[in-house]
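S.K.: Here it is, the structure in full.
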Amino acid sequence: AGLLNGKKGLVTGVANNLSISWAIAQIAKEHGADLAFTYQGEILEKRVTPLAEEVGCDFIVPCDVTDEKSLDTIFEVVKKKWGKLDFLVHSIAFADRNELKGRYIDTTLPNFLNSMNISCYSLTALAKRAEPLMKDGGKIVTLTYYGAQKVVPNYNVMGLAKAALEASVKYLASDMGVNNIRINAISAGPIKTLASSGINDFKSMLSMHENTAPLRKNTTQRDVAGAALYLLSDLSSRVTGEIHYVDCGFNTTI
Ligand code: 0WD
C-alpha cells in the first residue's frame with residue numbers, strides 16, 4: 001500500500017541515522033513519496049548525503065533556519081524542481097546544552113531568543129514559504145515534547161520553546177486551513193538521538209518513561225514515523241491543529 005504515492009515531501013532535521021526525521025523519511029519512501037532533504041552545515045551534509053541515497057534521493061539542500069536567505073533558497077529550489085510541495089516535516093530544535101541542566105531561571109536572553117528562533121519560529125518561517133507551493137493542499141508535521149505541558153527537569157528553555165511551538169501549530173492550522181493545508185504536532189516520548197543527548201541526565205528521563213508509561217516501554221523512532229505517516233497521508237484528512245502523543249501513554253499518567 002502506498003499512502004503517499006507520488007507525493008513530494010521536504011524533510012528537515014536529519015542529522016544522522018538516529019534522527020526521528022530519518023525514520024519518517026524511510027516510512028514515507030516505503031509509501032511511495034519523493035523526498036528532498038535539508039541539511040545544516042557541511043558536517044551534516046556528509047551524513048545526510050548517503051542517507052538520502054539510501055532512499056533513492058539526490059535532492060538535498062542546505063538549510064540553517066537562522067538564515068532567512070537559506071530558507072528562501074530551499075523553496076526556490078523546490079519550486080524549480082517540483083513546481084509544488086505536498087508535505088513538510090519540521091524536525092528541528094536547538095538550545096545551548098549548558099542550559100539544558102540546572103534551573104530554568106538561569107536561562108540567558110541570547111539562549112532564550114536563539115532557542116525560540118530555531119525550535120519554534122522556524123516552523124512558521126518554513127510554513128509561510130511552503131504554503132504557496134502547496135497548491136493541491138498540504139500536510140505539515142512537527143515534533144514536540146511533553147516538557148511543553150509540564151515541568152520536566154533539565155528541559156528548561158526547550159519546554160518554553162515547545163509550548164510556543166504547540167501554540168504555533170494551532171494558529172498555523174487556523175491560518176492555512178482555508179487552503180486545505182493541515183498541520184499537526186507529534187509529541188514523542190524520549191528517544192536517544194543527537195539532540196536529546198544534550199539534555200542533562202537524559203538517561204533518567206528514559207528510565208522514568210519506561211517504568212511509568214502504561215505500555216512500560218520507551219518510544220522508538222519507528223513508532224513516531226508510523227504516526228507521522230498517518231498525519232501526512234489522507235488517513236488523517238480531517239485532523240488539524242492537533243498535538244498527538246506517541247509516548248507509550250506517559251502523558252496520561254502524570
Ligand atoms: O527524545 C527526543 N529525541 C525527542 C525529540 C522527544 C520529543 C521531541 N523531539 C523533537 C526535538 O525537539 C526536535 O524538534 O524531535 C525533533 C528532532 O529531534 P531528534 O531527531 O531527536 O534530534 P536530531 O537527530 O539531533 O535532529 C535535530 C536537528 C539538528 O541536529 P543537531 O543535533 O545537529 O542540532 O535539528 C537540526 C539539526 O539537523 N537543526 C537545525 N536545522 C537547521 N537550522 C538547526 C538550524 N539552525 N539547528 C538544529
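Residues in the C-alpha cells are named by chain (A, B, ... in the order shown) and by number from 1 within that chain; ligands are numbered from 1 in the order shown.
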Using only C-alpha atoms and all ligand atoms, which residues have at least one atom no more than 7 Å from ligand 1? Output them as a VMD selection string.

M.R.: chain A and resid 12 to 16 18 to 21 39 to 40 63 to 66 91 to 94 118 to 119 143 to 145 187 to 196

S.K.: Name all residues at most 8 Å from A:Lys7 (count only C-alpha atoms; drop same-chain ones fewer than 4 positions away) and give them as a PDB file with N, CA and C atoms, in the first residue's frame.

M.R.:
ATOM      1  N   GLY A  32       5.852   5.439  -1.041  1.00  0.00           N
ATOM      2  CA  GLY A  32       5.810   5.977  -2.403  1.00  0.00           C
ATOM      3  C   GLY A  32       6.103   7.446  -2.560  1.00  0.00           C
ATOM      4  N   ALA A  33       6.547   8.114  -1.493  1.00  0.00           N
ATOM      5  CA  ALA A  33       6.820   9.556  -1.604  1.00  0.00           C
ATOM      6  C   ALA A  33       8.147   9.838  -2.303  1.00  0.00           C
ATOM      7  N   ASP A  34       8.228  10.987  -2.959  1.00  0.00           N
ATOM      8  CA  ASP A  34       9.501  11.528  -3.458  1.00  0.00           C
ATOM      9  C   ASP A  34       9.986  12.532  -2.423  1.00  0.00           C
ATOM     10  N   LEU A  85       4.619  21.348  -3.626  1.00  0.00           N
ATOM     11  CA  LEU A  85       5.040  20.578  -2.454  1.00  0.00           C
ATOM     12  C   LEU A  85       3.783  20.003  -1.807  1.00  0.00           C
ATOM     13  N   ASP A  86       3.854  18.730  -1.395  1.00  0.00           N
ATOM     14  CA  ASP A  86       2.682  18.102  -0.758  1.00  0.00           C
ATOM     15  C   ASP A  86       2.815  18.026   0.760  1.00  0.00           C
ATOM     16  N   PHE A  87       4.036  17.795   1.224  1.00  0.00           N
ATOM     17  CA  PHE A  87       4.180  17.751   2.685  1.00  0.00           C
ATOM     18  C   PHE A  87       5.547  18.237   3.155  1.00  0.00           C
TER      19      PHE A  87
END

S.K.: Dump as CSV the rows for residues of stretch 91-131 of chain A within 12 Å of stretch 79-82 of chain A: closest atom pair and distance in Å with one decimal, only C-alpha atoms counted, ordered by chain and rising residue number.

M.R.:
residue,atom,partner,partner_atom,distance
A:Arg129,CA,A:Lys79,CA,10.6
A:Ala130,CA,A:Lys79,CA,9.7
A:Glu131,CA,A:Lys79,CA,11.7

S.K.: If I take atom CA of A:Asp96 and atom CA of A:Cys248, how far is one from the other in Å, to one decimal?

M.R.: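 Between atom CA of A:Asp96 and atom CA of A:Cys248 the gap is 28.2 Å.
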
S.K.: Run DSSP on the backbone of this structure and report the residues of stretch 77-224 of chain A it assigns to strand (DSSP E), as a list in words.

M.R.: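 The residues of stretch 77-224 of chain A classed as strand (DSSP E) are Phe87, Leu88, Val89, His90, Gly138, Lys139, Ile140, Val141, Thr142, Leu143, Thr144, Ile181, Arg182, Ile183, Asn184, Ala185, Ile186, Ser187 and Ala188 of chain A.
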
S.K.: Residues at most 7 Å from A:Leu206, counting only C-alpha atoms, excluding those fewer than 4 positions away in the same chain, as a list of chain:residue names?

M.R.: A:Pro190, A:Phe202, A:Glu210, A:Asn218

S.K.: For A:Lys29, list every protein, DNA or RNA residue within 10 Å, evaluated using only C-alpha atoms, and leave out those in the same chain fewer than 6 positions away; present the list as a list in words.

M.R.: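 The residues satisfying every condition are Gly2, Leu3, Leu4, Asn5, Gly6, Lys7, Gly9, Ala23, Leu35, Val55, Gly56 and Cys57 of chain A.
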
S.K.: Of the residues A:Asn200, A:Asn184, A:Asn251, A:Gln221, which is the one nearest to A:Val239, using only C-alpha atoms?

M.R.: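 Smallest distance to A:Val239 is found for A:Asn184.
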
S.K.: Taking into account only C-alpha atoms, which residue in the set A:Leu133, A:Ile74, A:Ile243, A:Val178 is nearest to A:Ala36?

M.R.: A:Ile74

S.K.: Looking only at alpha helix (DSSP H) from DSSP on the backbone, list the matching residues of stretch 7-252 of chain A as number ranges by chain.

M.R.: A: 20-30, 41-54, 68-82, 109-116, 122-130, 157-176, 202-212, 221-232

S.K.: Could you state the separation of atom CA of A:Thr73 and atom CA of A:Ala125 in Å, given to one decimal place?

M.R.: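 We find that atom CA of A:Thr73 and atom CA of A:Ala125 lie 12.6 Å from each other.
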
S.K.: With only C-alpha atoms as the basis for distance, which of A:Ile199, A:Leu232, A:Leu109, A:Ala225 is at the shortest distance from A:Trp22?

M.R.: A:Ala225

S.K.: With only C-alpha atoms as the basis for distance, which of A:Arg238, A:Lys46, A:Lys8, A:Lys139 is at the shortest distance from A:Val169?

M.R.: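 Distance minimum relative to A:Val169 lands on A:Lys139.
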
S.K.: Counting only C-alpha atoms, which residue out of A:Cys120, A:Ile183, A:Leu126, A:Val141 sits closest to A:Ser70?

M.R.: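 Using only C-alpha atoms, the shortest distance to A:Ser70 belongs to A:Leu126.
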
S.K.: Find, counting only C-alpha atoms, the residue in A:Val151, A:Ala127, A:His209, A:Ile186 that gets nearest to A:His244.

M.R.: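 For A:His244, the nearest of the candidates is A:Ile186.
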
S.K.: Identify, on the basis of only C-alpha atoms, every residue whose closest approach to A:Asn211 does not exceed 12 Å; exclude the query and any residue fewer than 4 positions from it along the same chain; express the result as number ranges by chain.

M.R.: A: 204-207, 215-218, 248-250, 253
